[in-house]
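Have a look at the structure below, then the notes.
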Amino acid sequence: MNYDEFTVEIKKLCDIDLSNYKEKQMKRRIDSLIKRNGHESYDSYLTQLKKSEQHLKEFLGYITINVSEFFRNPAQWQILEQELIPELISRKNTLKIWSSACSTGEEPYSLVMLLDKMGLINRASIIASDIDEEALEQARIGIYTSKGIANVPEEMVKANFIKENDNYVIKDKIKKAVDFKIINLLEDPFPSNCDLILCRNVMIYFTEKAKEKLYKKFYNALSDNGIFFVGSTEQIMMPQKYGFISRKHFFYQKIVGGNK
Ligand SMILES: C[S@@+](CC[C@H](N)C(=O)[O-])C[C@H]1O[C@@H](n2cnc3c(N)ncnc32)[C@H](O)[C@@H]1O
């Protein structure tokens, strides 16, 4: 069995279409995981994945790459706080926000902490989703190490976490504001009418074709003039093609009727 055949089997086994992910990068990761597990072929590794739930979990955890941070790229969060959220809330009474590859929760919790600081926590609903069930479970639990919260300003740590031994537990008030769910960006329907969508540090793993499809889906998921926030290596080439204008680096705004 070659890599392409392996991807077809994985799609059948767990409904993840690896052909949407950049092949060179993904193949390198999978090949090294296979070796690490003592296998020499895709066939024998696949047999193990089919037999062992634990190995399947390890495989899924490994390919999804869950690295995240609170307030990742702080300068961009400042733009959200000082310019874009005030502008969005001036147009509407309540905001619908979607963190679309939320991993272990740092991104949606950063949002809620920011909204709380701005006095807007009761005027926003936040959906946070990921393909990885285990990452979502960790997000729901909301326990982080001191290294994990290094980017969180001191006053926000005090206001939003409870220190338990060496860990920091996110307070219920923040946790309750987030609705966590599984959404596979490449397969599942998207929420609608979102005023702000974050899709950060996941598109880099997708092929150009998959990205084009996703930009269109994100356009349709946004409310009129809604904002699309991407990762710091994920600028959209020719945003107008997908109905967006660039607002600031890494922030795009939906142009009404712009996808024609
Ligand atoms: C590097 S993390 C990014 C976390 C966060 N957005 C950030 O920027 O810190 C990438 C996340 O994308 C998720 N992911 C990968 N493929 C996905 C897909 N097809 N649908 C939804 N999430 C996906 C992974 O499970 C992982 O949690």
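Residue numbering restarts at 1 for every chain of the structure tokens, chains are lettered A, B, ... in their displayed order, and ligands are numbered from 1 as they appear.
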
Can you tell me, as a tab-separated table (two decimals) with C-alpha atoms, in the first residue's frame, what residues are no more than 9 Å from Tyr205 of chain A when counting only C-alpha atoms, ignoring any on the same chain fewer than 3 positions away?
```tsv
chain	number	residue	atom	x	y	z
A	20	ASN	CA	-6.78	17.93	1.84
A	21	TYR	CA	-3.60	18.33	3.91
A	22	LYS	CA	-0.27	19.26	2.30
A	23	GLU	CA	1.21	15.92	1.39
A	25	GLN	CA	4.46	17.65	5.57
A	26	MET	CA	1.77	15.17	6.52
A	201	ASN	CA	-2.82	28.03	12.49
A	202	VAL	CA	-4.70	25.24	10.81
```

Chain A near ligand 1 within 6 Å: what's each residue's closest atom pair and its distance in Å to one decimal, counting only C-alpha atoms and all ligand atoms, ordered by chain then ascending residue number, as CSV?
```
residue,atom,partner,partner_atom_place_in_ligand_line,distance
A:Thr64,CA,ligand 1,25 (O),4.1
A:Ile65,CA,ligand 1,26 (C),5.2
A:Asn66,CA,ligand 1,27 (O),4.1
A:Val67,CA,ligand 1,1 (C),4.6
A:Ser68,CA,ligand 1,9 (O),3.5
A:Glu69,CA,ligand 1,9 (O),5.2
A:Ala101,CA,ligand 1,22 (N),4.5
A:Cys102,CA,ligand 1,6 (N),4.8
A:Ser103,CA,ligand 1,27 (O),3.4
A:Glu107,CA,ligand 1,5 (C),5.8
A:Asp130,CA,ligand 1,22 (N),4.1
A:Ile131,CA,ligand 1,21 (C),4.1
A:Asp132,CA,ligand 1,25 (O),4.6
A:Ile183,CA,ligand 1,21 (C),5.7
A:Asn184,CA,ligand 1,20 (N),3.6
A:Leu185,CA,ligand 1,20 (N),3.8
A:Leu186,CA,ligand 1,19 (N),5.0
A:Arg200,CA,ligand 1,8 (O),4.2
A:Asn201,CA,ligand 1,8 (O),4.5
A:Val202,CA,ligand 1,10 (C),4.5
```

Selection to disk with N, CA and C atoms, as a PDB file, in the first residue's frame:
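To be explicit, this is the file written out as out22.pdb:
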```pdb
ATOM      1  N   THR A  64      -3.199  15.932  14.152  1.00  0.00           N
ATOM      2  CA  THR A  64      -3.939  17.189  14.255  1.00  0.00           C
ATOM      3  C   THR A  64      -3.100  18.356  14.805  1.00  0.00           C
ATOM      4  N   ILE A  65      -1.994  18.096  15.449  1.00  0.00           N
ATOM      5  CA  ILE A  65      -1.059  19.136  15.917  1.00  0.00           C
ATOM      6  C   ILE A  65      -1.771  20.225  16.737  1.00  0.00           C
ATOM      7  N   ASN A  66      -1.810  19.993  18.046  1.00  0.00           N
ATOM      8  CA  ASN A  66      -2.658  20.819  18.914  1.00  0.00           C
ATOM      9  C   ASN A  66      -1.993  22.040  19.554  1.00  0.00           C
ATOM     10  N   VAL A  67      -0.765  22.362  19.140  1.00  0.00           N
ATOM     11  CA  VAL A  67      -0.068  23.459  19.819  1.00  0.00           C
ATOM     12  C   VAL A  67      -0.889  24.751  19.793  1.00  0.00           C
ATOM     13  N   SER A  68      -1.056  25.353  20.949  1.00  0.00           N
ATOM     14  CA  SER A  68      -1.776  26.625  20.992  1.00  0.00           C
ATOM     15  C   SER A  68      -1.225  27.485  22.120  1.00  0.00           C
ATOM     16  N   GLU A  69      -1.701  28.713  22.209  1.00  0.00           N
ATOM     17  CA  GLU A  69      -1.239  29.648  23.256  1.00  0.00           C
ATOM     18  C   GLU A  69      -2.370  30.604  23.573  1.00  0.00           C
ATOM     19  N   ALA A 101     -10.822  26.408  15.091  1.00  0.00           N
ATOM     20  CA  ALA A 101      -9.895  25.279  15.274  1.00  0.00           C
ATOM     21  C   ALA A 101      -9.271  25.541  16.642  1.00  0.00           C
ATOM     22  N   CYS A 102     -10.073  25.311  17.673  1.00  0.00           N
ATOM     23  CA  CYS A 102      -9.785  25.898  18.994  1.00  0.00           C
ATOM     24  C   CYS A 102      -8.819  25.081  19.822  1.00  0.00           C
ATOM     25  N   SER A 103      -8.483  23.862  19.337  1.00  0.00           N
ATOM     26  CA  SER A 103      -7.536  23.009  20.041  1.00  0.00           C
ATOM     27  C   SER A 103      -7.913  22.856  21.522  1.00  0.00           C
ATOM     28  N   GLU A 107      -7.485  29.696  22.710  1.00  0.00           N
ATOM     29  CA  GLU A 107      -7.994  30.773  21.849  1.00  0.00           C
ATOM     30  C   GLU A 107      -9.399  31.253  22.279  1.00  0.00           C
ATOM     31  N   ASP A 130     -13.363  22.048  17.056  1.00  0.00           N
ATOM     32  CA  ASP A 130     -12.144  21.411  16.577  1.00  0.00           C
ATOM     33  C   ASP A 130     -12.541  20.029  16.060  1.00  0.00           C
ATOM     34  N   ILE A 131     -11.643  19.436  15.299  1.00  0.00           N
ATOM     35  CA  ILE A 131     -11.900  18.077  14.813  1.00  0.00           C
ATOM     36  C   ILE A 131     -11.504  17.046  15.883  1.00  0.00           C
ATOM     37  N   ASP A 132     -10.671  17.473  16.833  1.00  0.00           N
ATOM     38  CA  ASP A 132     -10.017  16.538  17.745  1.00  0.00           C
ATOM     39  C   ASP A 132     -10.762  16.484  19.090  1.00  0.00           C
ATOM     40  N   ILE A 183     -16.362  20.117  15.040  1.00  0.00           N
ATOM     41  CA  ILE A 183     -16.667  20.448  13.644  1.00  0.00           C
ATOM     42  C   ILE A 183     -15.406  20.150  12.820  1.00  0.00           C
ATOM     43  N   ASN A 184     -15.560  19.280  11.829  1.00  0.00           N
ATOM     44  CA  ASN A 184     -14.481  19.050  10.875  1.00  0.00           C
ATOM     45  C   ASN A 184     -14.648  20.086   9.766  1.00  0.00           C
ATOM     46  N   LEU A 185     -13.689  21.014   9.702  1.00  0.00           N
ATOM     47  CA  LEU A 185     -13.822  22.136   8.757  1.00  0.00           C
ATOM     48  C   LEU A 185     -13.976  21.660   7.317  1.00  0.00           C
ATOM     49  N   LEU A 186     -13.405  20.502   7.030  1.00  0.00           N
ATOM     50  CA  LEU A 186     -13.397  20.043   5.642  1.00  0.00           C
ATOM     51  C   LEU A 186     -14.643  19.255   5.252  1.00  0.00           C
ATOM     52  N   ARG A 200      -7.156  30.020  12.879  1.00  0.00           N
ATOM     53  CA  ARG A 200      -5.740  30.369  13.006  1.00  0.00           C
ATOM     54  C   ARG A 200      -4.879  29.121  13.175  1.00  0.00           C
ATOM     55  N   ASN A 201      -3.827  29.080  12.378  1.00  0.00           N
ATOM     56  CA  ASN A 201      -2.818  28.029  12.494  1.00  0.00           C
ATOM     57  C   ASN A 201      -3.362  26.637  12.231  1.00  0.00           C
ATOM     58  N   VAL A 202      -4.280  26.559  11.297  1.00  0.00           N
ATOM     59  CA  VAL A 202      -4.704  25.242  10.806  1.00  0.00           C
ATOM     60  C   VAL A 202      -4.684  25.220   9.278  1.00  0.00           C
TER      61      VAL A 202
END
```

Could you give me, as CSV, every segment 31-146 of chain A residue with an atom at most 10 Å from segment 226-247 of chain A, plus its closest atom pair and distance in Å to one decimal, counting only C-alpha atoms, rows ordered by chain then number?
```
residue,atom,partner,partner_atom,distance
A:Arg72,CA,A:Gly231,CA,8.9
A:Asn73,CA,A:Ser232,CA,7.5
A:Gln76,CA,A:Ser232,CA,8.9
A:Leu80,CA,A:Phe229,CA,9.3
A:Leu84,CA,A:Ile227,CA,8.1
A:Ile85,CA,A:Ile227,CA,9.4
A:Leu88,CA,A:Gly226,CA,7.8
A:Lys96,CA,A:Gly226,CA,9.8
A:Ile97,CA,A:Ile227,CA,9.6
A:Trp98,CA,A:Phe228,CA,9.8
A:Ser99,CA,A:Phe229,CA,9.4
```

I need the chosen residues saved as a short mmCIF file (atom, residue, chain, number, x, y, z; two decimals), in the first residue's frame, with N, CA and C atoms.
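So the final result, stored in part_26.cif, reads:
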```cif
data_model
loop_
_atom_site.label_atom_id
_atom_site.label_comp_id
_atom_site.auth_asym_id
_atom_site.auth_seq_id
_atom_site.Cartn_x
_atom_site.Cartn_y
_atom_site.Cartn_z
N ARG A 72 -2.20 34.29 21.41
CA ARG A 72 -1.12 34.03 20.43
C ARG A 72 -1.01 35.23 19.50
N ASN A 73 0.17 35.75 19.29
CA ASN A 73 0.43 36.98 18.55
C ASN A 73 -0.29 38.17 19.21
N GLN A 76 -1.99 41.32 17.54
CA GLN A 76 -3.26 41.15 16.82
C GLN A 76 -4.45 41.18 17.78
N LEU A 80 -7.85 43.65 17.91
CA LEU A 80 -9.22 43.20 18.20
C LEU A 80 -9.84 44.06 19.29
N LEU A 84 -11.44 46.42 16.40
CA LEU A 84 -12.44 45.62 15.68
C LEU A 84 -13.64 45.22 16.54
N ILE A 85 -13.40 44.81 17.78
CA ILE A 85 -14.55 44.45 18.62
C ILE A 85 -15.42 45.69 18.91
N LEU A 88 -17.50 46.24 15.86
CA LEU A 88 -18.56 45.23 15.67
C LEU A 88 -19.70 45.47 16.65
N LYS A 96 -21.91 37.19 17.68
CA LYS A 96 -21.72 35.75 17.60
C LYS A 96 -20.30 35.51 17.10
N ILE A 97 -19.52 34.77 17.89
CA ILE A 97 -18.10 34.59 17.59
C ILE A 97 -17.79 33.10 17.51
N TRP A 98 -16.95 32.72 16.53
CA TRP A 98 -16.62 31.30 16.34
C TRP A 98 -15.10 31.13 16.27
N SER A 99 -14.56 30.36 17.22
CA SER A 99 -13.15 29.97 17.19
C SER A 99 -13.12 28.58 16.54
#
```

Query raised in the report: Mind pulling up the distance from atom CA of Tyr215 of chain A to atom CA of Ile121 of chain A?
Result: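 Taking atom CA of Ile121 of chain A and atom CA of Tyr215 of chain A, their separation equals 28.0 Å.
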
Query - alpha helix (DSSP H) residues, from DSSP on the backbone, in segment 12-167 of chain A, as an NGL selection string - result: :A and (12-14 or 23-36 or 42-51 or 53-64 or 74-79 or 85-91 or 106-117 or 133-141 or 154-160)

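We find atom CA of Asp31 of chain A and atom CA of Met203 of chain A to be spaced 21.5 Å apart.
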
Apply DSSP to the backbone of this structure and, from segment 82-187 of chain A, keep only the residues in strand (DSSP E or B); write these as a short mmCIF file (atom, residue, chain, number, x, y, z; two decimals) with all heavy atoms, in the first residue's frame.
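Ended up saving to selection33.cif:
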```
data_model
loop_
_atom_site.label_atom_id
_atom_site.label_comp_id
_atom_site.auth_asym_id
_atom_site.auth_seq_id
_atom_site.Cartn_x
_atom_site.Cartn_y
_atom_site.Cartn_z
N LEU A 95 -22.93 39.82 19.85
CA LEU A 95 -22.01 39.30 18.85
C LEU A 95 -21.99 37.78 18.87
O LEU A 95 -22.03 37.17 19.94
CB LEU A 95 -20.58 39.78 19.14
CG LEU A 95 -20.33 41.29 19.08
CD1 LEU A 95 -18.85 41.57 19.38
CD2 LEU A 95 -20.71 41.83 17.71
N LYS A 96 -21.91 37.19 17.68
CA LYS A 96 -21.72 35.75 17.60
C LYS A 96 -20.30 35.51 17.10
O LYS A 96 -19.92 36.01 16.03
CB LYS A 96 -22.75 35.16 16.63
CG LYS A 96 -22.70 33.65 16.53
CD LYS A 96 -23.89 33.15 15.73
CE LYS A 96 -23.81 31.66 15.46
NZ LYS A 96 -24.93 31.19 14.64
N ILE A 97 -19.52 34.77 17.89
CA ILE A 97 -18.10 34.59 17.59
C ILE A 97 -17.79 33.10 17.51
O ILE A 97 -18.30 32.31 18.31
CB ILE A 97 -17.23 35.26 18.68
CG1 ILE A 97 -17.60 36.74 18.79
CG2 ILE A 97 -15.75 35.08 18.38
CD1 ILE A 97 -16.83 37.52 19.84
N TRP A 98 -16.95 32.72 16.53
CA TRP A 98 -16.62 31.30 16.34
C TRP A 98 -15.10 31.13 16.27
O TRP A 98 -14.46 31.67 15.37
CB TRP A 98 -17.29 30.79 15.06
CG TRP A 98 -16.97 29.38 14.70
CD1 TRP A 98 -16.65 28.36 15.54
CD2 TRP A 98 -16.94 28.82 13.38
NE1 TRP A 98 -16.43 27.20 14.83
CE2 TRP A 98 -16.61 27.45 13.50
CE3 TRP A 98 -17.18 29.34 12.09
CZ2 TRP A 98 -16.50 26.60 12.40
CZ3 TRP A 98 -17.08 28.48 10.99
CH2 TRP A 98 -16.74 27.13 11.15
N SER A 99 -14.56 30.36 17.22
CA SER A 99 -13.15 29.97 17.19
C SER A 99 -13.12 28.58 16.54
O SER A 99 -13.53 27.60 17.14
CB SER A 99 -12.61 29.94 18.63
OG SER A 99 -11.41 29.23 18.70
N ALA A 124 -22.10 38.52 24.11
CA ALA A 124 -21.49 37.70 23.06
C ALA A 124 -21.78 36.23 23.28
O ALA A 124 -21.86 35.77 24.43
CB ALA A 124 -19.97 37.93 23.07
N SER A 125 -21.99 35.49 22.18
CA SER A 125 -22.04 34.03 22.32
C SER A 125 -20.83 33.48 21.56
O SER A 125 -20.51 33.94 20.46
CB SER A 125 -23.35 33.48 21.78
OG SER A 125 -23.43 33.70 20.41
N ILE A 126 -20.17 32.52 22.20
CA ILE A 126 -18.92 32.00 21.61
C ILE A 126 -19.02 30.51 21.36
O ILE A 126 -19.27 29.72 22.27
CB ILE A 126 -17.71 32.29 22.53
CG1 ILE A 126 -17.45 33.80 22.51
CG2 ILE A 126 -16.44 31.60 22.05
CD1 ILE A 126 -17.67 34.44 23.80
N ILE A 127 -18.83 30.13 20.09
CA ILE A 127 -18.75 28.72 19.72
C ILE A 127 -17.26 28.43 19.52
O ILE A 127 -16.55 29.24 18.93
CB ILE A 127 -19.46 28.46 18.37
CG1 ILE A 127 -20.92 28.90 18.44
CG2 ILE A 127 -19.36 26.99 17.96
CD1 ILE A 127 -21.58 28.93 17.06
N ALA A 128 -16.81 27.28 20.02
CA ALA A 128 -15.43 26.88 19.78
C ALA A 128 -15.45 25.44 19.29
O ALA A 128 -16.10 24.59 19.89
CB ALA A 128 -14.60 27.00 21.06
N SER A 129 -14.75 25.18 18.20
CA SER A 129 -14.83 23.83 17.63
C SER A 129 -13.46 23.35 17.19
O SER A 129 -12.53 24.15 16.97
CB SER A 129 -15.79 23.82 16.44
OG SER A 129 -15.27 24.64 15.42
N ASP A 130 -13.36 22.05 17.06
CA ASP A 130 -12.14 21.41 16.58
C ASP A 130 -12.54 20.03 16.06
O ASP A 130 -13.62 19.53 16.38
CB ASP A 130 -11.12 21.28 17.72
CG ASP A 130 -9.69 21.11 17.21
OD1 ASP A 130 -9.31 19.98 16.84
OD2 ASP A 130 -8.95 22.11 17.15
N ILE A 143 -7.64 23.19 32.40
CA ILE A 143 -6.51 23.28 33.35
C ILE A 143 -5.22 23.49 32.55
O ILE A 143 -4.93 22.75 31.62
CB ILE A 143 -6.40 21.99 34.20
CG1 ILE A 143 -7.69 21.78 34.98
CG2 ILE A 143 -5.19 22.06 35.14
CD1 ILE A 143 -7.69 20.53 35.85
N TYR A 144 -4.45 24.52 32.96
CA TYR A 144 -3.24 24.87 32.21
C TYR A 144 -2.04 24.97 33.16
O TYR A 144 -2.21 25.20 34.36
CB TYR A 144 -3.46 26.20 31.48
CG TYR A 144 -4.63 26.10 30.52
CD1 TYR A 144 -5.92 26.48 30.92
CD2 TYR A 144 -4.47 25.55 29.26
CE1 TYR A 144 -7.01 26.33 30.06
CE2 TYR A 144 -5.55 25.40 28.39
CZ TYR A 144 -6.81 25.79 28.80
OH TYR A 144 -7.88 25.62 27.96
N THR A 145 -0.84 24.80 32.59
CA THR A 145 0.37 24.90 33.40
C THR A 145 0.79 26.38 33.48
O THR A 145 0.30 27.21 32.72
CB THR A 145 1.52 24.12 32.74
OG1 THR A 145 1.75 24.71 31.45
CG2 THR A 145 1.20 22.64 32.60
N PHE A 161 -8.34 32.81 36.61
CA PHE A 161 -7.85 31.46 36.92
C PHE A 161 -7.81 31.25 38.44
O PHE A 161 -7.65 32.20 39.20
CB PHE A 161 -6.43 31.27 36.39
CG PHE A 161 -6.31 31.25 34.88
CD1 PHE A 161 -6.17 32.44 34.17
CD2 PHE A 161 -6.32 30.05 34.18
CE1 PHE A 161 -6.07 32.43 32.78
CE2 PHE A 161 -6.20 30.03 32.79
CZ PHE A 161 -6.07 31.22 32.09
N ILE A 162 -7.95 29.97 38.82
CA ILE A 162 -7.74 29.61 40.22
C ILE A 162 -6.47 28.76 40.25
O ILE A 162 -6.35 27.81 39.47
CB ILE A 162 -8.93 28.79 40.76
CG1 ILE A 162 -10.21 29.63 40.70
CG2 ILE A 162 -8.66 28.29 42.17
CD1 ILE A 162 -11.47 28.81 40.84
N LYS A 163 -5.53 29.13 41.10
CA LYS A 163 -4.29 28.36 41.16
C LYS A 163 -4.49 27.12 42.01
O LYS A 163 -4.98 27.21 43.15
CB LYS A 163 -3.16 29.24 41.73
CG LYS A 163 -1.80 28.60 41.59
CD LYS A 163 -0.71 29.65 41.73
CE LYS A 163 0.65 29.11 41.36
NZ LYS A 163 1.26 28.16 42.21
N GLU A 164 -4.19 25.97 41.44
CA GLU A 164 -4.27 24.71 42.20
C GLU A 164 -2.95 24.00 42.07
O GLU A 164 -2.62 23.51 40.99
CB GLU A 164 -5.41 23.83 41.65
CG GLU A 164 -6.75 24.23 42.19
CD GLU A 164 -7.88 23.31 41.72
OE1 GLU A 164 -7.60 22.25 41.12
OE2 GLU A 164 -9.03 23.69 41.95
N ASN A 167 -0.87 24.19 38.87
CA ASN A 167 -1.72 24.43 37.70
C ASN A 167 -2.64 25.63 37.87
O ASN A 167 -2.87 26.11 38.99
CB ASN A 167 -2.58 23.19 37.42
CG ASN A 167 -1.73 22.04 36.95
OD1 ASN A 167 -0.75 22.24 36.23
ND2 ASN A 167 -2.09 20.83 37.35
N TYR A 168 -3.19 26.06 36.75
CA TYR A 168 -4.13 27.18 36.74
C TYR A 168 -5.43 26.70 36.10
O TYR A 168 -5.43 26.24 34.96
CB TYR A 168 -3.55 28.35 35.95
CG TYR A 168 -2.38 28.98 36.65
CD1 TYR A 168 -1.11 28.40 36.59
CD2 TYR A 168 -2.56 30.13 37.42
CE1 TYR A 168 -0.04 28.95 37.27
CE2 TYR A 168 -1.48 30.69 38.10
CZ TYR A 168 -0.23 30.09 38.03
OH TYR A 168 0.84 30.64 38.71
N VAL A 169 -6.51 26.80 36.87
CA VAL A 169 -7.81 26.30 36.40
C VAL A 169 -8.66 27.49 35.98
O VAL A 169 -8.83 28.44 36.75
CB VAL A 169 -8.54 25.53 37.53
CG1 VAL A 169 -9.83 24.90 37.01
CG2 VAL A 169 -7.61 24.48 38.13
N ILE A 170 -9.18 27.42 34.78
CA ILE A 170 -9.98 28.55 34.28
C ILE A 170 -11.30 28.63 35.06
O ILE A 170 -11.90 27.60 35.37
CB ILE A 170 -10.21 28.40 32.75
CG1 ILE A 170 -10.61 29.72 32.11
CG2 ILE A 170 -11.21 27.33 32.40
CD1 ILE A 170 -9.53 30.38 31.35
N VAL A 178 -18.43 29.47 26.79
CA VAL A 178 -18.01 28.86 25.52
C VAL A 178 -18.79 27.57 25.26
O VAL A 178 -18.91 26.72 26.14
CB VAL A 178 -16.50 28.53 25.53
CG1 VAL A 178 -16.05 28.00 24.17
CG2 VAL A 178 -15.67 29.73 25.92
N ASP A 179 -19.29 27.46 24.05
CA ASP A 179 -20.00 26.24 23.64
C ASP A 179 -19.04 25.42 22.76
O ASP A 179 -18.80 25.77 21.61
CB ASP A 179 -21.25 26.69 22.86
CG ASP A 179 -22.04 25.52 22.33
OD1 ASP A 179 -21.81 24.39 22.78
OD2 ASP A 179 -22.90 25.75 21.44
N PHE A 180 -18.46 24.37 23.33
CA PHE A 180 -17.48 23.56 22.59
C PHE A 180 -18.18 22.47 21.78
O PHE A 180 -19.08 21.80 22.30
CB PHE A 180 -16.51 22.88 23.56
CG PHE A 180 -15.51 23.82 24.17
CD1 PHE A 180 -15.64 24.25 25.49
CD2 PHE A 180 -14.42 24.27 23.44
CE1 PHE A 180 -14.71 25.11 26.06
CE2 PHE A 180 -13.48 25.14 24.00
CZ PHE A 180 -13.63 25.55 25.32
N LYS A 181 -17.77 22.29 20.53
CA LYS A 181 -18.34 21.20 19.74
C LYS A 181 -17.36 20.71 18.67
O LYS A 181 -16.43 21.45 18.32
CB LYS A 181 -19.66 21.61 19.11
CG LYS A 181 -19.64 22.92 18.35
CD LYS A 181 -20.95 23.20 17.66
CE LYS A 181 -21.96 23.77 18.62
NZ LYS A 181 -23.14 24.36 17.96
N ILE A 182 -17.62 19.48 18.20
CA ILE A 182 -16.76 18.96 17.13
C ILE A 182 -17.24 19.49 15.78
O ILE A 182 -18.42 19.37 15.46
CB ILE A 182 -16.82 17.43 17.10
CG1 ILE A 182 -16.14 16.89 18.33
CG2 ILE A 182 -16.20 16.86 15.83
CD1 ILE A 182 -15.71 15.47 18.25
#
```

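In this structure, atom CA of Tyr252 of chain A sits 17.1 Å away from atom CA of Ser192 of chain A.
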
Query - For Phe71 of chain A: contacts at 7 Å, only C-alpha atoms, fewer than 4 positions along chain excluded, given as a list in words - result: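 Counting only C-alpha atoms, the residues come to Trp77, Glu107, Ser110, Asn151 and Val152 of chain A.
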
Report task. Find the spatial neighbours of Ile174 of chain A, counting only C-alpha atoms, within a cut-off of 7 Å - ignore same-chain residues fewer than 3 positions away - and output them as an MDAnalysis selection string. Result -> chainID A and resid 109 112:113 170:171 177

Requested in this report: Write out as number ranges by chain which residues come within 7 Å of Ala221 of chain A when counting only C-alpha atoms, dropping same-chain ones fewer than 3 positions away.
Outcome: A: 190-194, 217-218

Query - Lys27 of chain A environment, 12 Å, only C-alpha atoms, sequence neighbours closer than 5 positions dropped, as a VMD selection string - result: chain A and resid 2 to 4 6 to 7 18 to 19 21 to 22 32 to 34 42 63 205

Query raised in the report: Pick the closest to Asn122 of chain A from A:Ile10, A:Leu196, A:Ile89, A:Leu56: which is it, counting only C-alpha atoms?
Result: A:Ile89
